[in-house]
$ cat query_28.csv   # CSV, C-alpha atoms
chain,number,residue,atom,x,y,z
K,1,MET,CA,15.6,-14.7,-13.3
K,2,ALA,CA,13.9,-15.1,-16.7
K,3,ASN,CA,16.4,-12.8,-18.3
K,4,GLN,CA,19.2,-15.0,-16.9
K,5,ILE,CA,17.7,-18.1,-18.4
K,6,HIS,CA,17.0,-16.3,-21.7
K,7,SER,CA,20.7,-15.3,-22.0
K,8,ILE,CA,21.9,-18.9,-21.9
K,9,GLY,CA,20.8,-19.7,-25.4
K,10,ASN,CA,18.2,-19.1,-28.1
K,11,SER,CA,17.5,-22.6,-29.5
K,12,ASP,CA,14.0,-24.0,-29.7
K,13,TYR,CA,14.6,-26.2,-26.8
K,14,HIS,CA,15.9,-23.4,-24.7
K,15,ASN,CA,12.9,-21.3,-25.6
K,16,ASP,CA,10.7,-24.2,-24.6
K,17,LEU,CA,12.3,-24.3,-21.2
K,18,LEU,CA,11.9,-20.5,-20.9
K,19,THR,CA,8.2,-20.9,-21.7
K,20,LYS,CA,7.8,-23.6,-19.0
K,21,TYR,CA,9.6,-21.4,-16.5
K,22,HIS,CA,7.3,-18.5,-17.3
K,23,VAL,CA,4.2,-20.7,-16.9
K,24,ILE,CA,5.3,-21.9,-13.5
K,25,SER,CA,6.4,-18.4,-12.4
K,26,ALA,CA,2.9,-17.1,-13.4
K,27,LYS,CA,1.3,-19.4,-10.8
K,28,LEU,CA,3.2,-17.5,-8.1
K,29,LYS,CA,1.6,-14.1,-8.9
K,30,LYS,CA,-1.1,-13.0,-6.5
K,31,ARG,CA,-4.5,-12.7,-7.9
K,32,PHE,CA,-7.7,-11.3,-6.5
K,33,LEU,CA,-9.3,-13.7,-4.0
K,34,ARG,CA,-6.9,-16.4,-4.9
K,35,LYS,CA,-3.7,-17.4,-3.1
K,36,PRO,CA,-0.8,-18.7,-5.3
K,37,ASN,CA,-0.2,-22.4,-5.1
K,38,VAL,CA,3.4,-22.3,-4.0
K,39,THR,CA,3.7,-26.0,-3.3
K,40,GLU,CA,2.7,-26.9,-6.8
K,41,ALA,CA,5.1,-24.3,-8.3
K,42,SER,CA,7.9,-25.7,-6.2
K,43,GLU,CA,7.2,-29.3,-7.5
K,44,GLN,CA,7.1,-28.1,-11.0
K,45,PHE,CA,10.4,-26.1,-10.7
K,46,ASP,CA,11.9,-29.3,-9.3
K,47,ASN,CA,10.7,-31.4,-12.2
K,48,LEU,CA,11.9,-28.8,-14.7
K,49,ALA,CA,15.3,-28.8,-13.0
K,50,ILE,CA,15.5,-32.6,-13.2
K,51,GLU,CA,14.7,-32.3,-16.9
K,52,CYS,CA,17.4,-29.7,-17.4
K,53,ASP,CA,19.9,-31.8,-15.4
K,54,GLN,CA,19.2,-34.9,-17.6
K,55,LYS,CA,19.9,-32.8,-20.6
K,56,GLU,CA,23.2,-31.6,-19.0
K,57,LEU,CA,21.9,-28.0,-19.0
K,58,CYS,CA,23.4,-27.4,-15.5
K,59,GLN,CA,23.0,-23.7,-15.3
K,60,TYR,CA,19.3,-24.0,-16.2
K,61,ALA,CA,18.9,-26.8,-13.6
K,62,GLY,CA,20.6,-24.5,-11.0
K,63,LEU,CA,18.2,-21.6,-11.7
K,64,CYS,CA,15.2,-23.9,-11.5
K,65,TRP,CA,16.3,-25.4,-8.2
K,66,LEU,CA,17.0,-22.0,-6.9
K,67,ALA,CA,13.4,-21.0,-7.7
K,68,ALA,CA,12.2,-24.2,-6.0
K,69,ALA,CA,14.2,-23.2,-2.9
K,70,ARG,CA,12.6,-19.8,-2.8
K,71,CYS,CA,9.2,-21.4,-2.9
K,72,GLN,CA,10.1,-23.7,0.0
K,73,GLY,CA,11.5,-20.7,1.9
K,74,THR,CA,8.1,-19.0,1.4
K,75,LEU,CA,6.4,-22.0,2.8
K,76,GLY,CA,8.8,-22.2,5.8
K,77,ASN,CA,10.1,-25.6,4.9
K,78,VAL,CA,13.7,-25.1,5.9
K,79,LEU,CA,15.1,-28.6,5.2
K,80,ALA,CA,13.5,-28.6,1.7
K,81,GLU,CA,14.8,-25.1,1.1
K,82,ILE,CA,18.4,-26.2,2.1
K,83,ASN,CA,18.1,-29.3,-0.1
K,84,PHE,CA,17.1,-27.3,-3.2
K,85,LEU,CA,19.8,-24.6,-2.5
K,86,THR,CA,22.4,-27.3,-2.3
K,87,LYS,CA,21.3,-28.9,-5.6
K,88,ALA,CA,21.3,-25.5,-7.2
K,89,GLY,CA,24.8,-24.8,-5.9
K,90,ARG,CA,26.1,-28.1,-7.2
K,91,SER,CA,24.6,-27.5,-10.6
K,92,PHE,CA,26.2,-24.1,-10.8
K,93,ILE,CA,29.6,-25.6,-9.9
K,94,ILE,CA,29.3,-28.2,-12.6
K,95,ALA,CA,28.3,-25.5,-15.1
K,96,LYS,CA,31.3,-23.5,-14.0
K,97,ASN,CA,33.7,-26.4,-14.6
K,98,LYS,CA,32.2,-27.1,-18.0
K,99,ASN,CA,32.5,-23.4,-19.1
K,100,ASN,CA,36.1,-23.3,-17.9
K,101,GLN,CA,36.9,-26.4,-19.9
K,102,ILE,CA,35.8,-24.8,-23.1
K,103,GLY,CA,37.4,-21.5,-22.3
K,104,CYS,CA,34.4,-19.5,-21.2
K,105,SER,CA,35.9,-18.2,-18.0
K,106,TYR,CA,33.5,-15.2,-17.7
K,107,SER,CA,30.5,-17.5,-17.7
K,108,GLY,CA,32.4,-19.8,-15.3
K,109,GLU,CA,32.9,-17.0,-12.8
K,110,GLU,CA,29.2,-16.1,-13.0
K,111,ASN,CA,28.3,-19.6,-12.2
K,112,LEU,CA,30.8,-19.8,-9.4
K,113,GLN,CA,29.4,-16.7,-7.8
K,114,ALA,CA,25.9,-18.2,-8.1
K,115,ALA,CA,27.2,-21.4,-6.4
K,116,ILE,CA,28.8,-19.4,-3.6
K,117,ASN,CA,25.5,-17.5,-3.1
K,118,CYS,CA,23.5,-20.7,-3.0
K,119,PHE,CA,25.8,-22.5,-0.5
K,120,GLY,CA,26.1,-19.3,1.5
K,121,HIS,CA,22.3,-19.0,1.8
K,122,ALA,CA,22.0,-22.7,2.7
K,123,LEU,CA,24.7,-22.3,5.4
K,124,THR,CA,22.8,-19.3,6.9
K,125,ARG,CA,19.6,-21.4,7.0
K,126,CYS,CA,21.4,-24.3,8.6
K,127,GLN,CA,22.9,-22.1,11.3
K,128,SER,CA,19.5,-20.7,12.1
K,129,GLN,CA,18.3,-24.2,13.1
K,130,GLU,CA,19.2,-26.4,16.0
K,131,GLY,CA,20.8,-29.8,15.3
K,132,PHE,CA,22.0,-28.8,11.8
K,133,SER,CA,25.7,-28.3,12.7
K,134,MET,CA,26.9,-31.5,10.8
K,135,MET,CA,25.0,-30.5,7.7
K,136,SER,CA,26.3,-27.0,7.9
K,137,ALA,CA,29.9,-28.2,8.2
K,138,SER,CA,29.4,-30.5,5.3
K,139,LEU,CA,28.1,-27.7,3.1
K,140,ALA,CA,31.0,-25.5,4.0
K,141,MET,CA,33.4,-28.3,3.2
K,142,GLU,CA,31.7,-29.0,-0.1
K,143,LEU,CA,32.0,-25.3,-1.1
K,144,ALA,CA,35.6,-25.2,0.0
K,145,SER,CA,36.4,-28.2,-2.2
K,146,ALA,CA,34.9,-26.5,-5.2
K,147,LEU,CA,36.9,-23.3,-4.5
K,148,ASP,CA,40.1,-25.3,-3.9
K,149,ILE,CA,42.9,-23.0,-2.6
K,150,ASN,CA,40.5,-20.1,-2.4
K,151,GLY,CA,38.2,-22.0,0.0
K,152,ILE,CA,40.2,-21.6,3.2
K,153,SER,CA,37.7,-19.4,4.9
K,154,ASN,CA,34.9,-22.0,4.2
K,155,LEU,CA,37.1,-24.8,5.4
K,156,ARG,CA,37.8,-22.9,8.6
K,157,LYS,CA,34.1,-22.3,9.0
K,158,SER,CA,33.5,-26.1,8.6
K,159,VAL,CA,36.1,-26.9,11.2
K,160,GLU,CA,34.6,-24.3,13.6
K,161,ILE,CA,31.1,-25.6,13.2
K,162,HIS,CA,31.8,-29.3,13.3
K,163,PRO,CA,35.4,-30.5,13.3
K,164,THR,CA,35.9,-33.6,11.1
K,165,LEU,CA,39.1,-35.4,10.2
K,166,ARG,CA,38.6,-34.7,6.5
K,167,ALA,CA,38.0,-30.9,7.0
K,168,ILE,CA,41.0,-30.5,9.4
K,169,ASN,CA,43.4,-32.5,7.2
K,170,THR,CA,42.3,-30.6,4.1
K,171,LEU,CA,42.6,-27.2,5.8
K,172,SER,CA,46.1,-28.0,7.0
K,173,SER,CA,47.0,-29.0,3.4
K,174,TYR,CA,45.7,-25.7,2.1
K,175,TYR,CA,47.8,-23.8,4.6
K,176,ILE,CA,50.9,-25.8,3.5
K,177,LYS,CA,50.2,-25.0,-0.1
K,178,GLN,CA,50.3,-21.3,0.8
K,179,ASP,CA,53.5,-21.7,2.8
K,180,ASP,CA,51.5,-20.8,6.0
K,181,TYR,CA,53.3,-23.4,8.1
K,182,ALA,CA,52.3,-21.8,11.4
K,183,GLY,CA,48.6,-22.0,10.3
K,184,ALA,CA,49.1,-25.7,9.3
K,185,LEU,CA,50.8,-26.5,12.6
K,186,HIS,CA,48.0,-24.9,14.6
K,187,VAL,CA,45.3,-26.9,12.7
K,188,LEU,CA,47.1,-30.2,13.1
K,189,THR,CA,47.6,-29.5,16.8
K,190,GLU,CA,43.8,-29.0,17.0
K,191,LEU,CA,43.4,-32.3,15.1
K,192,VAL,CA,45.4,-34.2,17.7
K,193,GLU,CA,43.5,-32.5,20.5
K,194,PHE,CA,40.2,-33.3,18.8
K,195,LEU,CA,41.1,-37.0,18.4
K,196,THR,CA,42.4,-37.2,22.0
K,197,ALA,CA,39.3,-35.5,23.4
K,198,ASN,CA,37.1,-38.0,21.6
K,199,ASN,CA,39.3,-41.0,22.6
K,200,VAL,CA,40.1,-41.7,19.0
K,201,SER,CA,43.7,-42.5,19.8
K,202,VAL,CA,42.8,-45.6,21.8
K,203,ARG,CA,40.9,-47.2,18.9
K,204,THR,CA,42.4,-50.0,17.0
K,205,SER,CA,41.1,-48.9,13.6
K,206,GLY,CA,44.0,-48.8,11.1
K,207,SER,CA,42.6,-45.7,9.4
K,208,TYR,CA,42.7,-43.7,12.6
K,209,MET,CA,46.2,-44.9,13.4
K,210,SER,CA,47.3,-44.0,9.9
K,211,ILE,CA,45.9,-40.5,10.3
K,212,LEU,CA,47.7,-40.0,13.6
K,213,GLN,CA,51.0,-41.3,12.2
K,214,ARG,CA,50.7,-39.0,9.2
K,215,CYS,CA,49.8,-36.0,11.4
K,216,GLU,CA,52.7,-36.8,13.8
K,217,MET,CA,55.3,-36.8,11.0
K,218,THR,CA,53.9,-33.6,9.5
K,219,ARG,CA,53.9,-31.8,12.8
K,220,VAL,CA,57.6,-32.7,13.3
K,221,LEU,CA,58.5,-31.4,9.9
K,222,LEU,CA,56.5,-28.1,10.5
K,223,LEU,CA,58.1,-27.6,13.9
K,224,LEU,CA,61.6,-28.1,12.4
K,225,ILE,CA,60.9,-25.6,9.6
K,226,LEU,CA,59.4,-23.0,11.9
K,227,GLN,CA,62.1,-23.4,14.7
K,228,PRO,CA,59.8,-21.7,17.2
K,229,THR,CA,61.3,-20.5,20.5
K,230,PRO,CA,60.3,-22.5,23.6
K,231,GLN,CA,58.1,-19.6,24.7
K,232,ARG,CA,56.1,-19.8,21.5
K,233,LEU,CA,55.5,-23.6,21.7
K,234,SER,CA,52.3,-24.9,23.1
K,235,HIS,CA,52.5,-27.8,25.6
K,236,SER,CA,51.4,-30.4,23.1
K,237,GLN,CA,53.9,-29.1,20.4
K,238,ALA,CA,56.7,-29.1,22.9
K,239,GLN,CA,55.9,-32.7,23.7
K,240,VAL,CA,56.2,-33.6,20.0
K,241,LEU,CA,59.8,-32.5,19.8
K,242,GLU,CA,60.7,-33.8,23.2
K,243,LYS,CA,59.6,-37.3,22.1
K,244,TYR,CA,62.1,-37.4,19.3
K,245,ALA,CA,64.9,-35.3,21.0
K,246,TRP,CA,66.1,-38.2,23.2
K,247,ILE,CA,67.1,-41.6,22.0
K,248,GLU,CA,66.2,-44.2,24.6
K,249,GLU,CA,65.7,-47.9,24.6
K,250,ASN,CA,62.0,-48.9,24.9
K,251,SER,CA,61.0,-45.3,24.1
K,252,ASN,CA,57.3,-44.8,23.5
K,253,ILE,CA,56.7,-44.9,19.8
K,254,GLY,CA,53.0,-43.8,20.0
K,255,PHE,CA,50.4,-44.2,17.4
K,256,ARG,CA,51.8,-47.6,16.5
K,257,MET,CA,54.7,-46.0,14.6
K,258,ASP,CA,57.2,-48.7,13.8
K,259,GLU,CA,60.7,-48.6,15.2
K,260,ASN,CA,62.4,-47.7,12.0
K,261,GLU,CA,60.1,-44.6,11.5
K,262,MET,CA,60.6,-43.6,15.1
K,263,LEU,CA,64.4,-43.8,14.7
K,264,LEU,CA,64.4,-41.9,11.4
K,265,LEU,CA,62.3,-39.0,13.0
K,266,GLN,CA,64.6,-39.0,16.0
K,267,SER,CA,67.7,-38.8,13.7
K,268,LEU,CA,66.0,-36.0,11.8
K,269,VAL,CA,65.3,-33.9,14.9
K,270,LEU,CA,68.8,-34.5,16.3
K,271,ALA,CA,70.4,-33.5,13.0
K,272,CYS,CA,68.3,-30.3,12.9
K,273,GLN,CA,69.1,-29.4,16.5
K,274,SER,CA,72.9,-29.9,15.8
K,275,ARG,CA,72.5,-28.1,12.5
K,276,ASP,CA,74.2,-31.0,10.7
K,277,TYR,CA,73.2,-30.4,7.1
K,278,GLN,CA,75.3,-33.3,5.8
K,279,ALA,CA,73.4,-35.6,8.2
K,280,LEU,CA,70.1,-34.3,6.8
K,281,LEU,CA,71.2,-35.0,3.3
K,282,GLU,CA,72.1,-38.6,4.3
K,283,LEU,CA,68.7,-39.1,5.9
K,284,GLU,CA,66.8,-37.7,3.0
K,285,GLY,CA,66.7,-40.9,1.0
K,286,GLU,CA,65.5,-43.0,3.9
K,287,LEU,CA,62.9,-40.5,5.0
K,288,TRP,CA,61.6,-40.2,1.4
K,289,SER,CA,60.4,-43.8,1.5
K,290,ILE,CA,58.1,-43.3,4.5
K,291,MET,CA,56.6,-39.9,3.5
K,292,ASN,CA,53.7,-38.9,1.4
K,293,ILE,CA,53.9,-36.2,-1.3
K,294,GLU,CA,53.0,-33.3,1.0
K,295,GLN,CA,55.6,-34.4,3.6
K,296,LYS,CA,58.3,-34.8,0.9
K,297,GLY,CA,57.6,-31.2,-0.1
K,298,LEU,CA,58.1,-30.1,3.6
K,299,LEU,CA,61.3,-32.1,3.8
K,300,ASN,CA,62.6,-30.3,0.7
K,301,LYS,CA,61.6,-27.0,2.4
K,302,LEU,CA,63.5,-28.0,5.5
K,303,LEU,CA,66.6,-28.9,3.6
K,304,GLN,CA,66.5,-25.5,1.8
K,305,THR,CA,66.1,-23.7,5.1
K,306,PHE,CA,69.2,-25.4,6.6
K,307,ASN,CA,71.2,-25.0,3.3
K,308,LYS,CA,70.7,-21.2,3.6
K,309,ASP,CA,72.2,-21.1,7.1

$ encode --input "query_28.csv" --output "structure tokens"
Amino acid sequence: MANQIHSIGNSDYHNDLLTKYHVISAKLKKRFLRKPNVTEASEQFDNLAIECDQKELCQYAGLCWLAAARCQGTLGNVLAEINFLTKAGRSFIIAKNKNNQIGCSYSGEENLQAAINCFGHALTRCQSQEGFSMMSASLAMELASALDINGISNLRKSVEIHPTLRAINTLSSYYIKQDDYAGALHVLTELVEFLTANNVSVRTSGSYMSILQRCEMTRVLLLLILQPTPQRLSHSQAQVLEKYAWIEENSNIGFRMDENEMLLLQSLVLACQSRDYQALLELEGELWSIMNIEQKGLLNKLLQTFNKD
């Protein structure tokens, strides 16, 4: 640990921090007939981390908070240990981003690995305790956000531990970025089932309605791109296409979708089922106005798919 700190720099201030770190660490050494004061050492590591953080020496701060976490682990204070591990992980991520900005990618990767280790340890500690599922899911989500496209496994872990709208939506977007449309469809189907199981669909909150509308449109696009056989469709996925495959008066436009959006989606489904590429091109402009960036990308993919046929 001391060697890691020493490698960061050789300025007088850095050496002063190293000296302080050594002094605190010395208090943890066992002496004859004297137990080390772990609580005091933890507090001092925390204070030193705060000092480093204020000086924007994020890697230093991360190392000090990691040392404080080890002290709390020795004392058996799980919540405090998780708190310090999380602070350390965040500091390493900030250090990683700063190093990448100035072109020090090697140092950035070292800090990223340190952050992954900190969050991973925090997750392990959370999962060993009852009632920590929400915190565990939040930590997995935070690490996934820092890893961006490489954080799919952490996002999946977050969803498995404690499914939240943000985690599920982000996970589906990551799958779409990787052209894993089946994975995205599966996740969004789980989202609808999660909302339905928790009676979210009956709420009047505009934000929930917006999420359901966006999810509905994305699922339609994914199903049209994948063109799964009836045997491979789940019941809820089959219901999505059936809803838009028949044009009826007074049709159920669920999730408070307005009539124009409903008609456009019905036209899209019918055009795809009849393999009418010209009709798809004519619909593109109108659909564009009701779609977000991700859905526009899926619509382009759908047009490319039918243009190849």

$ closest_residue --input "query_28.csv" --among "K:Leu299, K:Gln113, K:Ile293, K:Pro230" --to "Cys272 of chain K" --atoms "all atoms listed in the file"
K:Leu299

$ closest_residue --input "query_28.csv" --among "K:Ala68, K:Leu224, K:Met291, K:Met209" --to "Leu241 of chain K" --atoms "all atoms listed in the file"
K:Leu224

$ closest_residue --input "query_28.csv" --among "K:Asp53, K:Asp276, K:Asp16, K:Asp148" --to "Thr170 of chain K" --atoms "only C-alpha atoms"
K:Asp148

$ atom_distance --input "query_28.csv" --atom1 "atom CA of Ile176 of chain K" --atom2 "atom CA of Leu298 of chain K"
8.4 Å

$ residues_around --input "query_28.csv" --residues "Ala49 of chain K" --least-positions-apart "6" --cutoff "9 Å" --atoms "all atoms listed in the file" --output "PyMOL selection string"
chain K and resi 57-58+60-65+68+88

$ residues_around --input "query_28.csv" --residues "Ile94 of chain K" --least-positions-apart "3" --cutoff "10 Å" --atoms "all atoms listed in the file" --output "PyMOL selection string"
chain K and resi 56-59+62+89-91+97-100+108+111-112+115+146

$ closest_residue --input "query_28.csv" --among "K:Leu223, K:Ile93, K:Leu17, K:Leu123" --to "Glu110 of chain K" --atoms "all atoms listed in the file"
K:Ile93

$ closest_residue --input "query_28.csv" --among "K:Gln72, K:Ser133, K:Asn154, K:Asn260" --to "Gly120 of chain K" --atoms "only C-alpha atoms"
K:Asn154

$ atom_distance --input "query_28.csv" --atom1 "atom CA of Glu81 of chain K" --atom2 "atom CA of Lys30 of chain K"
21.4 Å

$ residues_near_point --input "query_28.csv" --point "(28.6, -38.2, 16.5)" --cutoff "12 Å" --atoms "only C-alpha atoms" --output "ChimeraX atom specification"
/K:131,133-134,162-164,198

$ residues_near_point --input "query_28.csv" --point "(6.5, -24.4, -2.1)" --cutoff "6 Å" --atoms "only C-alpha atoms" --output "VMD selection string"
chain K and resid 38 to 39 42 71 to 72 75
